[in-house]
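Structure file entry.txt with compact mmCIF, C-alpha atoms and all ligand atoms:
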```
# COMPACT_ATOMS: atom_id res chain seq x y z
CA MET A 203 -15.55 -29.30 -18.88
CA GLY A 204 -18.18 -26.52 -18.95
CA ALA A 205 -18.27 -26.57 -15.14
CA LEU A 206 -14.49 -26.20 -14.95
CA ARG A 207 -14.55 -23.21 -17.26
CA THR A 208 -17.32 -21.66 -15.16
CA VAL A 209 -15.35 -22.20 -11.92
CA GLY A 210 -12.26 -20.66 -13.55
CA LEU A 211 -14.22 -17.64 -14.80
CA VAL A 212 -15.91 -17.12 -11.42
CA ILE A 213 -12.55 -17.21 -9.58
CA LEU A 214 -11.06 -14.80 -12.16
CA ALA A 215 -14.05 -12.44 -11.85
CA VAL A 216 -13.87 -12.48 -8.03
CA SER A 217 -10.10 -11.78 -8.14
CA VAL A 218 -10.53 -8.84 -10.56
CA PHE A 219 -13.49 -7.45 -8.55
CA THR A 220 -11.54 -7.71 -5.24
CA PHE A 221 -8.51 -6.05 -6.81
CA ILE A 222 -10.54 -3.12 -8.20
CA ALA A 223 -12.59 -2.69 -5.01
CA LEU A 224 -9.54 -2.66 -2.71
CA PHE A 225 -6.73 -1.18 -4.77
CA GLY A 226 -8.47 0.93 -7.44
CA ARG A 227 -7.97 4.12 -5.42
CA LEU A 228 -4.17 3.78 -5.30
CA PRO A 229 -2.39 6.72 -6.92
CA ALA A 230 -0.66 4.33 -9.37
CA PHE A 231 -4.05 3.76 -11.06
CA ARG A 232 -5.02 7.43 -11.39
CA LYS A 233 -6.48 8.26 -14.81
CA THR A 234 -6.73 4.56 -15.74
CA PRO A 235 -9.78 2.32 -16.32
CA VAL A 236 -9.06 0.65 -12.94
CA ALA A 237 -9.62 3.98 -11.12
CA TRP A 238 -12.79 4.60 -13.16
CA LEU A 239 -14.15 1.13 -12.33
CA HIS A 240 -13.32 1.71 -8.63
CA ARG A 241 -15.24 5.00 -8.76
CA ALA A 242 -18.11 3.35 -10.62
CA LEU A 243 -18.27 0.66 -7.93
CA TRP A 244 -18.09 2.95 -4.90
CA VAL A 245 -19.71 6.16 -6.20
CA TYR A 246 -21.76 5.85 -9.43
CA PHE A 247 -23.36 2.49 -8.60
CA PRO A 248 -24.49 3.49 -5.04
CA ASN A 249 -25.70 6.86 -6.37
CA GLY A 250 -27.73 5.09 -9.08
CA ILE A 251 -29.28 2.76 -6.48
CA ALA A 252 -30.14 5.77 -4.28
CA VAL A 253 -31.97 7.49 -7.15
CA VAL A 254 -33.99 4.33 -7.95
CA ASP A 255 -34.70 3.74 -4.23
CA ASN A 256 -35.90 7.34 -3.79
CA ARG A 257 -38.35 6.96 -6.65
CA LEU A 258 -39.64 3.50 -5.74
CA PHE A 259 -39.37 3.14 -1.95
CA GLY A 260 -38.90 6.71 -0.67
CA GLY A 261 -35.25 5.97 0.27
CA ARG A 262 -36.02 3.18 2.79
CA VAL A 263 -33.72 0.56 1.19
CA VAL A 264 -30.72 2.90 1.16
CA ARG A 265 -31.32 3.95 4.80
CA CYS A 266 -31.32 0.31 5.86
CA TRP A 267 -28.28 -0.44 3.67
CA ASN A 268 -26.43 2.60 5.04
CA GLN A 269 -26.79 1.31 8.58
CA SER A 270 -25.11 -1.98 7.69
CA GLY A 271 -22.83 -0.26 5.13
CA SER A 272 -21.49 2.22 7.66
CA TYR A 273 -20.63 -0.72 9.92
CA LEU A 274 -18.77 -2.39 7.04
CA LEU A 275 -17.01 0.75 5.83
CA LYS A 276 -16.49 2.85 8.96
CA GLU A 277 -16.07 0.36 11.82
CA ASN A 278 -12.98 -1.69 12.49
CA HIS A 279 -14.82 -5.00 12.04
CA PRO A 280 -13.29 -8.49 11.73
CA LEU A 281 -15.34 -9.73 8.73
CA VAL A 282 -12.56 -9.40 6.12
CA LEU A 283 -10.00 -10.95 8.47
CA ILE A 284 -12.39 -13.86 9.11
CA PHE A 285 -12.98 -14.25 5.35
CA PHE A 286 -9.22 -14.17 4.65
CA THR A 287 -8.36 -16.68 7.39
CA SER A 288 -11.25 -18.96 6.37
CA LEU A 289 -10.03 -18.90 2.76
CA LEU A 290 -6.57 -20.01 3.96
CA VAL A 291 -7.90 -22.70 6.33
CA ILE A 292 -10.45 -24.13 3.89
CA GLY A 293 -8.04 -24.03 0.91
CA GLU A 294 -5.32 -25.82 2.90
CA GLY A 295 -7.90 -28.24 4.41
CA ILE A 296 -8.97 -29.27 0.90
CA PHE A 297 -5.52 -29.33 -0.75
CA VAL A 298 -3.11 -30.78 1.80
CA PRO A 299 -4.87 -34.08 2.74
CA ALA A 300 -5.43 -34.84 -0.97
CA ALA A 301 -1.85 -33.95 -1.96
CA TRP A 302 -0.01 -35.37 1.10
CA PRO A 303 0.20 -39.06 0.02
CA ARG A 304 1.80 -37.96 -3.26
CA LEU A 305 4.40 -35.64 -1.69
CA SER A 306 8.07 -36.61 -1.29
CA SER A 307 9.70 -36.40 2.16
CA ILE A 308 11.37 -33.02 1.46
CA HIS A 309 7.99 -31.48 0.61
CA ARG A 310 6.50 -33.02 3.76
CA VAL A 311 8.95 -30.79 5.68
CA CYS A 312 8.51 -27.68 3.51
CA VAL A 313 4.69 -27.73 3.24
CA PRO A 314 3.98 -27.33 7.01
CA ALA A 315 6.55 -24.49 7.17
CA ALA A 316 4.95 -22.74 4.16
CA ILE A 317 1.53 -23.08 5.83
CA ILE A 318 2.43 -22.04 9.39
CA LEU A 319 4.56 -18.98 8.55
CA PRO A 320 1.72 -16.85 7.06
CA TYR A 321 -0.47 -17.55 10.13
CA PHE A 322 2.33 -16.49 12.48
CA LEU A 323 3.00 -13.29 10.48
CA LEU A 324 -0.73 -12.56 10.17
CA TYR A 325 -1.02 -12.83 13.96
CA LYS A 326 1.97 -10.48 14.45
CA CYS A 327 0.51 -7.97 11.93
CA VAL A 328 -2.84 -7.93 13.77
CA VAL A 329 -1.56 -7.65 17.34
CA THR A 330 1.39 -5.27 16.78
CA LYS A 331 0.12 -1.71 17.06
CA SER A 332 1.94 1.45 15.99
CA PHE A 333 -0.19 3.77 18.10
CA ILE A 334 1.24 7.06 19.30
CA THR A 335 0.34 7.52 22.94
CA THR A 336 1.13 10.16 25.53
CA GLU A 337 3.80 7.75 26.87
CA ASN A 338 5.73 7.34 23.60
CA HIS A 339 4.85 10.73 22.02
CA GLU A 340 8.17 12.38 22.88
CA GLU A 341 10.12 9.49 21.38
CA GLU A 342 7.88 9.47 18.27
CA MET A 343 8.49 13.20 17.74
CA ARG A 344 12.19 12.37 17.39
CA ARG A 345 11.69 9.42 15.00
CA TYR A 346 11.61 11.49 11.77
CA PRO A 347 12.40 15.12 10.90
CA TYR A 348 9.69 17.23 9.23
CA ASP A 349 10.36 17.55 5.50
CA ARG A 350 8.18 20.70 5.25
CA VAL A 351 6.73 19.43 2.00
CA LEU A 352 4.39 16.66 3.13
CA PHE A 353 4.76 17.14 6.89
CA HIS A 354 4.97 20.44 8.73
CA PRO A 355 5.65 21.03 12.41
CA GLY A 356 3.04 22.56 14.68
CA HIS A 357 -0.03 20.58 13.59
CA GLN A 358 -2.11 19.11 16.37
CA CYS A 359 -4.28 15.99 16.08
CA SER A 360 -7.77 17.22 16.90
CA THR A 361 -8.69 13.84 18.47
CA CYS A 362 -5.49 12.84 20.30
CA LYS A 363 -4.70 16.47 21.31
CA PHE A 364 -0.95 16.24 20.76
CA LEU A 365 1.42 17.50 18.04
CA LYS A 366 1.52 15.18 15.06
CA PRO A 367 4.97 13.62 14.58
CA ALA A 368 6.36 13.67 11.01
CA ARG A 369 5.04 10.79 8.83
CA SER A 370 2.22 10.04 11.27
CA LYS A 371 -1.51 10.10 10.53
CA HIS A 372 -4.63 9.76 12.62
CA CYS A 373 -6.63 6.64 11.72
CA SER A 374 -10.38 6.91 12.28
CA PHE A 375 -10.75 3.09 12.30
CA CYS A 376 -8.07 2.52 14.95
CA GLN A 377 -8.97 5.83 16.67
CA ALA A 378 -5.31 6.64 17.24
CA CYS A 379 -2.43 8.48 15.61
CA ILE A 380 -0.22 5.94 13.83
CA SER A 381 3.55 6.19 13.69
CA ARG A 382 4.91 6.13 10.10
CA HIS A 383 1.38 5.54 8.83
CA ASP A 384 1.27 3.42 5.69
CA HIS A 385 -2.38 2.44 5.36
CA HIS A 386 -5.25 1.01 7.37
CA CYS A 387 -5.54 -2.61 6.27
CA ILE A 388 -9.06 -4.02 6.56
CA TRP A 389 -7.60 -7.53 6.05
CA LEU A 390 -5.65 -7.08 9.30
CA MET A 391 -8.11 -4.93 11.28
CA ASN A 392 -5.07 -2.80 11.98
CA CYS A 393 -2.98 -0.01 10.55
CA VAL A 394 0.32 -0.85 8.91
CA GLY A 395 2.78 1.46 10.63
CA ALA A 396 6.27 1.77 12.07
CA ASN A 397 6.06 -1.29 14.35
CA ASN A 398 4.35 -3.89 12.14
CA CYS A 399 5.55 -2.86 8.68
CA VAL A 400 8.26 -5.52 8.79
CA TYR A 401 5.66 -8.21 9.59
CA PHE A 402 3.39 -6.91 6.84
CA ILE A 403 6.13 -7.11 4.16
CA SER A 404 7.13 -10.55 5.50
CA LEU A 405 3.49 -11.66 5.31
CA LEU A 406 3.33 -10.58 1.65
CA VAL A 407 6.57 -12.49 0.96
CA SER A 408 5.34 -15.62 2.78
CA LEU A 409 1.93 -15.54 1.04
CA SER A 410 3.58 -15.08 -2.37
CA VAL A 411 5.99 -17.95 -1.67
CA MET A 412 3.16 -20.16 -0.37
CA LEU A 413 0.99 -19.50 -3.43
CA ILE A 414 3.85 -20.04 -5.91
CA TYR A 415 5.00 -23.17 -4.05
CA GLY A 416 1.41 -24.49 -3.78
CA SER A 417 0.85 -23.83 -7.50
CA TYR A 418 4.08 -25.70 -8.28
CA LEU A 419 3.02 -28.69 -6.14
CA GLY A 420 -0.49 -28.68 -7.63
CA HIS A 421 0.98 -28.53 -11.14
CA SER A 422 3.38 -31.44 -10.40
CA ILE A 423 0.57 -33.63 -9.03
CA LEU A 424 -1.77 -32.84 -11.93
CA SER A 425 1.05 -33.40 -14.47
CA GLU A 426 1.61 -36.85 -12.99
CA THR A 427 -2.08 -37.64 -13.37
CA LEU A 428 -1.91 -36.35 -16.93
CA LYS A 429 0.94 -38.77 -17.69
CA GLN A 430 -1.05 -41.66 -16.28
CA MET A 431 -4.27 -40.72 -18.08
CA VAL A 432 -2.93 -39.61 -21.46
CA PRO A 433 0.03 -41.47 -23.07
CA PRO A 434 2.94 -39.18 -24.15
CA GLU A 435 2.48 -39.92 -27.86
CA ILE A 436 -1.13 -38.69 -27.71
CA GLN A 437 -0.04 -35.61 -25.72
CA GLU A 438 2.48 -34.76 -28.45
CA ALA A 439 -0.17 -35.17 -31.12
CA MET A 440 -2.52 -32.74 -29.38
CA GLN A 441 -2.47 -29.25 -30.80
CA GLY A 442 -4.18 -25.97 -30.05
CA TRP A 443 -5.51 -24.24 -26.94
CA THR A 444 -8.86 -26.04 -26.97
CA ALA A 445 -7.21 -29.48 -26.80
CA TRP A 446 -4.90 -28.23 -24.01
CA ILE A 447 -7.77 -26.76 -21.96
CA ASN A 448 -9.92 -29.87 -22.50
CA THR A 449 -7.12 -32.20 -21.36
CA TRP A 450 -6.39 -30.16 -18.23
CA GLY A 451 -10.13 -30.00 -17.59
CA ILE A 452 -10.24 -33.80 -17.52
CA VAL A 453 -7.15 -33.97 -15.27
CA ILE A 454 -8.57 -31.39 -12.80
CA THR A 455 -11.93 -33.20 -12.76
CA ALA A 456 -10.04 -36.41 -11.89
CA ASN A 457 -8.35 -34.56 -8.96
CA PRO A 458 -11.08 -32.11 -7.92
CA ARG A 459 -9.57 -31.19 -4.51
CA VAL A 460 -6.04 -30.51 -5.77
CA GLY A 461 -7.38 -29.06 -9.04
CA THR A 462 -9.76 -26.47 -7.59
CA VAL A 463 -7.28 -25.14 -5.03
CA PHE A 464 -4.56 -25.16 -7.72
CA LEU A 465 -6.75 -22.90 -9.89
CA LEU A 466 -7.46 -20.61 -6.93
CA MET A 467 -3.73 -20.36 -6.11
CA VAL A 468 -2.73 -19.67 -9.72
CA MET A 469 -5.26 -16.86 -9.91
CA THR A 470 -4.59 -15.25 -6.54
CA ALA A 471 -0.78 -15.52 -6.68
CA PRO A 472 -0.49 -12.53 -9.10
CA LEU A 473 -2.51 -10.45 -6.60
CA ALA A 474 -0.13 -11.22 -3.72
CA ILE A 475 2.95 -10.80 -5.94
CA SER A 476 1.78 -7.47 -7.38
CA PHE A 477 1.01 -6.18 -3.89
CA LEU A 478 4.48 -7.26 -2.74
CA ALA A 479 6.05 -5.62 -5.82
CA TYR A 480 4.13 -2.39 -5.09
CA HIS A 481 5.37 -2.29 -1.48
CA THR A 482 8.93 -3.10 -2.57
CA TYR A 483 8.67 -0.16 -4.96
CA LEU A 484 7.45 2.07 -2.10
CA ILE A 485 10.46 1.04 0.02
CA TRP A 486 12.76 1.72 -2.92
CA ALA A 487 11.16 5.17 -3.41
CA GLY A 488 11.27 5.97 0.34
CA VAL A 489 7.54 6.64 0.68
CA THR A 490 4.58 5.09 2.46
CA THR A 491 1.20 4.41 0.82
CA ASN A 492 -0.13 7.48 2.66
CA GLU A 493 2.73 9.61 1.35
CA SER A 494 2.44 8.28 -2.21
CA ALA A 495 -1.04 9.89 -2.40
CA LYS A 496 0.41 13.19 -1.12
CA TRP A 497 3.31 13.00 -3.64
CA SER A 498 0.76 12.36 -6.41
CA ASP A 499 -0.92 15.67 -5.55
CA TRP A 500 2.48 17.40 -5.77
CA LYS A 501 3.12 15.66 -9.10
CA ASP A 502 -0.17 17.01 -10.49
CA ASP A 503 0.78 20.54 -9.33
CA VAL A 504 4.26 20.21 -10.86
CA GLU A 505 2.77 19.04 -14.18
CA ASP A 506 0.40 22.02 -14.12
CA GLY A 507 3.36 24.38 -13.52
CA PHE A 508 2.17 25.55 -10.09
CA VAL A 509 5.26 24.59 -8.07
CA PHE A 510 8.24 26.89 -7.57
CA LYS A 511 11.48 26.00 -5.84
CA THR A 512 14.34 27.93 -4.33
CA LYS A 513 17.15 27.38 -1.85
CA ARG A 514 16.56 28.21 1.74
CA SER A 515 20.04 29.78 1.93
CA LEU A 516 19.09 32.21 -0.89
CA ILE A 517 15.96 33.40 0.89
CA PHE A 518 16.97 33.47 4.56
CA ASP A 519 20.18 35.21 5.54
CA ARG A 520 19.70 34.60 9.24
CA PRO A 521 20.70 31.27 10.85
CA LEU A 522 18.21 28.45 10.50
CA PRO A 523 15.96 27.71 13.47
CA MET A 524 17.12 24.53 15.18
CA ASP A 525 13.92 22.61 14.39
CA LEU A 526 14.56 22.99 10.67
CA TYR A 527 17.69 20.94 10.65
CA ASP A 528 18.21 17.42 11.91
CA GLU A 529 21.96 16.87 11.92
CA LEU A 530 21.72 13.15 12.59
CA TRP A 531 19.27 12.43 9.77
CA PRO A 532 21.22 10.99 6.81
CA VAL A 533 19.55 13.14 4.11
CA HIS A 534 19.39 16.93 4.12
CA THR A 535 17.81 19.40 1.75
CA ASP A 536 18.00 23.11 1.24
CA GLN A 537 14.80 23.31 -0.80
CA ILE A 538 11.78 25.51 -0.26
CA LEU A 539 8.74 24.72 -2.36
CA VAL A 540 5.71 26.91 -2.88
CA THR A 541 2.55 26.20 -4.82
CA ASP A 542 1.06 29.11 -6.67
CA GLU A 543 -0.37 29.93 -10.07
CA ASP A 544 2.21 32.68 -10.68
CA PRO A 545 5.91 32.80 -9.82
CA PRO A 546 6.72 34.41 -6.46
CA THR A 547 7.47 38.10 -6.93
CA GLU A 548 10.30 40.19 -5.57
CA GLY A 549 9.75 41.04 -1.95
CA CYS A 550 7.52 37.98 -1.60
CA LEU A 551 7.50 36.83 1.98
CA LEU A 552 7.20 33.28 3.17
CA ALA A 553 4.70 32.81 5.91
CA SER A 554 6.73 31.85 8.93
CA GLY A 555 6.99 28.18 9.74
CA SER A 556 5.71 27.00 6.38
CA ASN A 557 7.24 26.09 3.06
CA CYS A 558 4.09 26.28 1.05
CA ILE A 559 2.53 29.67 1.46
CA ALA A 560 3.84 32.67 -0.42
CA HIS A 561 2.49 36.02 0.69
CA ARG A 562 2.40 38.70 -2.00
CA PRO A 563 2.89 42.27 -0.85
CA ALA A 564 1.91 43.52 -4.33
CA SER A 565 1.01 41.69 -7.52
CA ASP A 566 2.62 44.16 -9.97
CA LEU A 567 6.18 43.41 -8.81
CA PRO A 568 8.44 41.44 -11.22
CA PRO A 569 9.01 37.68 -10.61
CA ASP A 570 11.81 36.88 -8.19
CA PRO A 571 14.63 35.21 -10.23
CA ARG A 572 15.67 33.12 -7.21
CA TRP A 573 12.56 30.94 -7.71
CA LYS A 574 12.53 28.33 -10.46
CA GLN A 575 9.40 26.75 -11.84
CA LEU A 576 9.54 22.96 -11.42
CA ARG A 577 8.83 20.78 -14.43
CA THR A 578 9.67 17.36 -13.03
CA MET A 579 9.39 15.58 -9.69
CA ARG A 580 13.04 14.54 -10.08
CA ASP A 581 13.97 18.06 -8.87
CA VAL A 582 12.05 17.60 -5.60
CA ASP A 583 14.07 16.24 -2.67
CA ASN A 584 12.47 13.56 -0.51
CA ILE A 585 14.43 13.47 2.75
CA TYR A 586 12.81 10.15 3.68
CA ASP A 587 14.43 8.46 0.68
CA MET A 588 17.84 7.42 1.97
CA GLY A 589 18.56 4.80 -0.70
CA PHE A 590 17.04 1.32 -0.86
CA TRP A 591 19.12 -0.37 1.89
CA TYR A 592 18.69 2.45 4.37
CA ASN A 593 14.97 2.64 3.55
CA LEU A 594 14.74 -1.11 4.17
CA ARG A 595 16.67 -0.72 7.41
CA ASP A 596 14.16 1.91 8.47
CA VAL A 597 11.22 -0.39 7.60
CA VAL A 598 12.62 -3.27 9.67
CA GLY A 599 12.92 -0.91 12.64
CA ARG A 600 16.71 -0.37 12.73
CA SER A 601 17.95 3.14 13.38
CA VAL A 602 19.03 5.09 10.31
CA ARG A 603 20.33 8.11 12.21
CA ARG A 604 24.05 8.70 12.20
CA SER A 605 25.85 8.61 15.50
CA LYS A 606 26.96 11.96 16.94
CA GLU A 607 30.63 11.01 16.50
CA THR A 608 30.38 10.40 12.74
CA SER A 609 28.26 13.49 12.11
CA GLY A 610 30.93 15.69 13.69
CA ILE A 611 28.81 17.53 16.25
ZN ZN B 701 -4.71 11.29 16.49
ZN ZN B 702 -6.07 2.07 11.36
```

Transcribe the structure of this file into structure tokens.
Amino acid sequence: MGALRTVGLVILAVSVFTFIALFGRLPAFRKTPVAWLHRALWVYFPNGIAVVDNRLFGGRVVRCWNQSGSYLLKENHPLVLIFFTSLLVIGEGIFVPAAWPRLSSIHRVCVPAAIILPYFLLYKCVVTKSFITTENHEEEMRRYPYDRVLFHPGHQCSTCKFLKPARSKHCSFCQACISRHDHHCIWLMNCVGANNCVYFISLLVSLSVMLIYGSYLGHSILSETLKQMVPPEIQEAMQGWTAWINTWGIVITANPRVGTVFLLMVMTAPLAISFLAYHTYLIWAGVTTNESAKWSDWKDDVEDGFVFKTKRSLIFDRPLPMDLYDELWPVHTDQILVTDEDPPTEGCLLASGSNCIAHRPASDLPPDPRWKQLRTMRDVDNIYDMGFWYNLRDVVGRSVRRSKETSGI
């Protein structure tokens, strides 16, 4: 019983540690204990070790650690992918042979499907690249319009030496610019981008289904053992958490292979489900993981009162340059946003080509009434948010642009 509790606590601790180490930097956890623990793990703890090492060993331990650490953190290595795949293979290798004789024929069809699908999707996620190359650059430049809030035209990638398409980002691990960059996934040794996003979401769905289904099967098998070991009248007489934990401890000890993997699945399922829920939320909001960090910066500026908004048509009386307007894109906006401590003044000029820089000819001029201070992010237009179904359509790689006939040009 003590051993079971220890195994359970160890699995729980490893799950919490993995979650904090990998996801603690996500904007959703800003200003929460999760973000602090992530910082403690990656910043305070290494700094503390460095101080001790400097005093005791003249910094030799940290130098040696840095050499291996920089490989782990800065190189696109396969260790996490190997760990992840091994966890799947070993878990299934322990669970399935032990559970198989007790499965009904319908489950004997469903179990292989639930096992094979994540491997297929994992393979597709790893091998499908979303790299922007000189061959597809022109096409990628047309994929999304620049919103001039998060993405501005005219920026060149210093490594790839071409103009960065909207929503793209250079990945130092993959050493390439990534189309519709979401995040670099160390589990996949690859960036999640325009071409493999659909496989990535499908992988999260298939892993969540597999873990829930596996937990259900494990629970059914263990419940059967419970019925055989403990008569129903004694089960009914048992009361309290301790009796419940003790009984299940005995049942799991009687089925160690099914029991251990069942515990592992129950504890890791919430991780897969919460990651799936987070990515579903991102699709609903029309942002990528990369963009959610950028929007969080805007949110902080809005909350501090540093963002001012006006309509482009109020500021510019001349026709819009062609690159500002994408007729075929389903969402349009007339907004101009600037970040500044004080409201833009009369006669304030916008630096050409940018939405974010206000140039002040003189500071003693009165504020320009055409600019409104923003108080909420609800007043900011995100042209990449086309509504959930269109966002989903975009993620699965279907075109969201309107045809020329329906747009009337
Ligand atoms: Zn690049
Ligand atoms: Zn990458």

So that I can see what lies close to region 382-392 of chain A, please list as a PyMOL selection string the residues with an atom at most 6 Å from it, counting all atoms listed in the file and leaving out residues fewer than 6 positions away in the same chain. chain A and resi 278+282-283+328+369-371+490-492

Please find the residues contacting ligand ZN 701 (chain B) at a distance of at most 12 Å between atoms, with all atoms listed in the file counted, and report them as a ChimeraX atom specification. /A:332-336,339,357-367,370-381,383

Those residues you just picked out, can you put them in a file as an mmCIF file, in the coordinates of the input with C-alpha atoms?
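What landed in selection-v4.cif:
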```
data_model
loop_
_atom_site.group_PDB
_atom_site.id
_atom_site.type_symbol
_atom_site.label_atom_id
_atom_site.label_comp_id
_atom_site.auth_asym_id
_atom_site.auth_seq_id
_atom_site.Cartn_x
_atom_site.Cartn_y
_atom_site.Cartn_z
ATOM 1 C CA SER A 332 1.940 1.450 15.990
ATOM 2 C CA PHE A 333 -0.190 3.770 18.100
ATOM 3 C CA ILE A 334 1.240 7.060 19.300
ATOM 4 C CA THR A 335 0.340 7.520 22.940
ATOM 5 C CA THR A 336 1.130 10.160 25.530
ATOM 6 C CA HIS A 339 4.850 10.730 22.020
ATOM 7 C CA HIS A 357 -0.030 20.580 13.590
ATOM 8 C CA GLN A 358 -2.110 19.110 16.370
ATOM 9 C CA CYS A 359 -4.280 15.990 16.080
ATOM 10 C CA SER A 360 -7.770 17.220 16.900
ATOM 11 C CA THR A 361 -8.690 13.840 18.470
ATOM 12 C CA CYS A 362 -5.490 12.840 20.300
ATOM 13 C CA LYS A 363 -4.700 16.470 21.310
ATOM 14 C CA PHE A 364 -0.950 16.240 20.760
ATOM 15 C CA LEU A 365 1.420 17.500 18.040
ATOM 16 C CA LYS A 366 1.520 15.180 15.060
ATOM 17 C CA PRO A 367 4.970 13.620 14.580
ATOM 18 C CA SER A 370 2.220 10.040 11.270
ATOM 19 C CA LYS A 371 -1.510 10.100 10.530
ATOM 20 C CA HIS A 372 -4.630 9.760 12.620
ATOM 21 C CA CYS A 373 -6.630 6.640 11.720
ATOM 22 C CA SER A 374 -10.380 6.910 12.280
ATOM 23 C CA PHE A 375 -10.750 3.090 12.300
ATOM 24 C CA CYS A 376 -8.070 2.520 14.950
ATOM 25 C CA GLN A 377 -8.970 5.830 16.670
ATOM 26 C CA ALA A 378 -5.310 6.640 17.240
ATOM 27 C CA CYS A 379 -2.430 8.480 15.610
ATOM 28 C CA ILE A 380 -0.220 5.940 13.830
ATOM 29 C CA SER A 381 3.550 6.190 13.690
ATOM 30 C CA HIS A 383 1.380 5.540 8.830
#
```

Restricting the calculation to all atoms listed in the file, which member of A:Leu243, A:Ile251, A:Cys266, A:Val394 is positioned closest to ligand ZN 702 (chain B)? A:Val394

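Distances to Cys327 (chain A) were evaluated for A:Ser601, A:Ser425, A:Asn256, A:Ser404 using all atoms listed in the file, and the minimum falls at A:Ser404.
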
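CA of Arg580 (chain A) is found 16.1 Å from CA of Val540 (chain A).
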
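Between CA of Asn398 (chain A) and CA of Asp596 (chain A) the interatomic distance comes to 12.0 Å.
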
Of the residues A:Leu323, A:Gly599, A:Ser307, A:Thr541, which is the one nearest to Asp499 (chain A), using all atoms listed in the file?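 Smallest separation from Asp499 (chain A) among the options: A:Thr541.
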
Separation of CA of Ser408 (chain A) from CA of Ala316 (chain A), in Å and rounded to one decimal: 7.3 Å

Counting only C-alpha atoms, which of A:Ile436, A:Ile585, A:Leu211, A:Leu516 gets nearest to Pro571 (chain A)?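 Closest to Pro571 (chain A) of all the choices is A:Leu516.
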
For a quick check of understanding, using all atoms listed in the file, which of A:His421, A:Lys326, A:Arg595, A:Arg232 has the smallest distance to Trp450 (chain A)?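 For Trp450 (chain A), the nearest of the candidates is A:His421.
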
Check the smallest atom-to-atom distance from each of A:Ser306, A:Thr234, A:Asn448, A:Thr330 to ligand ZN 702 (chain B) using all atoms listed in the file, then report the winner.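 Closest candidate: A:Thr330.
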
Spatial neighbours of Asp502 (chain A), 12 Å, all atoms listed in the file, chain gap at least 2 places, as a list in words: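 Close residues of Asp502 (chain A): Pro229, Arg232, Lys233, Ala495, Lys496, Trp497, Ser498, Asp499, Trp500, Val504, Glu505, Asp506, Gly507, Phe508, Val509, Thr541, Leu576, Arg577, Thr578 and Met579 of chain A.
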
Would you write out those residues with C-alpha atoms, as a short mmCIF file (atom, residue, chain, number, x, y, z; two decimals), in the frame of the given file?
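What ended up in out11.cif:
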```cif
data_model
loop_
_atom_site.label_atom_id
_atom_site.label_comp_id
_atom_site.auth_asym_id
_atom_site.auth_seq_id
_atom_site.Cartn_x
_atom_site.Cartn_y
_atom_site.Cartn_z
CA PRO A 229 -2.39 6.72 -6.92
CA ARG A 232 -5.02 7.43 -11.39
CA LYS A 233 -6.48 8.26 -14.81
CA ALA A 495 -1.04 9.89 -2.40
CA LYS A 496 0.41 13.19 -1.12
CA TRP A 497 3.31 13.00 -3.64
CA SER A 498 0.76 12.36 -6.41
CA ASP A 499 -0.92 15.67 -5.55
CA TRP A 500 2.48 17.40 -5.77
CA VAL A 504 4.26 20.21 -10.86
CA GLU A 505 2.77 19.04 -14.18
CA ASP A 506 0.40 22.02 -14.12
CA GLY A 507 3.36 24.38 -13.52
CA PHE A 508 2.17 25.55 -10.09
CA VAL A 509 5.26 24.59 -8.07
CA THR A 541 2.55 26.20 -4.82
CA LEU A 576 9.54 22.96 -11.42
CA ARG A 577 8.83 20.78 -14.43
CA THR A 578 9.67 17.36 -13.03
CA MET A 579 9.39 15.58 -9.69
#
```

Find the residues around Glu294 (chain A) up to 10 Å (all atoms listed in the file counted), leave out those fewer than 3 positions away in its own chain, and share them as a list in words.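 Contacts, in chain order: Ser288, Leu289, Leu290, Val291, Phe297, Val298, Pro299, Ala300, Ile317, Gly416, Val460 and Val463 of chain A.
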
Any chance you could work out the axis-aligned box around region 316-324 of chain A, listed atoms only, 8 Å on each side, giving centre and edge lengths in Å to one decimal, as lines of an AutoDock Vina configuration file?
```
center_x = 2.1
center_y = -17.8
center_z = 8.3
size_x = 21.7
size_y = 26.5
size_z = 24.3
```

Around the point (12.8, 24.4, -8.7) (coordinates from the file), which residues reach within 7 Å if we count all atoms listed in the file? Answer as a PyMOL selection string. chain A and resi 510-512+573-576+581

Local residues around (14.7, 2.5, 2.3), at most 9 Å away, using only C-alpha atoms, as a PDB file with C-alpha atoms, in the frame of the given file:
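Saved result, part_21.pdb, follows:
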```
ATOM      1  CA  LEU A 484       7.450   2.070  -2.100  1.00  0.00           C
ATOM      2  CA  ILE A 485      10.460   1.040   0.020  1.00  0.00           C
ATOM      3  CA  TRP A 486      12.760   1.720  -2.920  1.00  0.00           C
ATOM      4  CA  ALA A 487      11.160   5.170  -3.410  1.00  0.00           C
ATOM      5  CA  GLY A 488      11.270   5.970   0.340  1.00  0.00           C
ATOM      6  CA  VAL A 489       7.540   6.640   0.680  1.00  0.00           C
ATOM      7  CA  TYR A 586      12.810  10.150   3.680  1.00  0.00           C
ATOM      8  CA  ASP A 587      14.430   8.460   0.680  1.00  0.00           C
ATOM      9  CA  MET A 588      17.840   7.420   1.970  1.00  0.00           C
ATOM     10  CA  GLY A 589      18.560   4.800  -0.700  1.00  0.00           C
ATOM     11  CA  PHE A 590      17.040   1.320  -0.860  1.00  0.00           C
ATOM     12  CA  TRP A 591      19.120  -0.370   1.890  1.00  0.00           C
ATOM     13  CA  TYR A 592      18.690   2.450   4.370  1.00  0.00           C
ATOM     14  CA  ASN A 593      14.970   2.640   3.550  1.00  0.00           C
ATOM     15  CA  LEU A 594      14.740  -1.110   4.170  1.00  0.00           C
ATOM     16  CA  ARG A 595      16.670  -0.720   7.410  1.00  0.00           C
ATOM     17  CA  ASP A 596      14.160   1.910   8.470  1.00  0.00           C
ATOM     18  CA  VAL A 597      11.220  -0.390   7.600  1.00  0.00           C
TER      19      VAL A 597
END
```
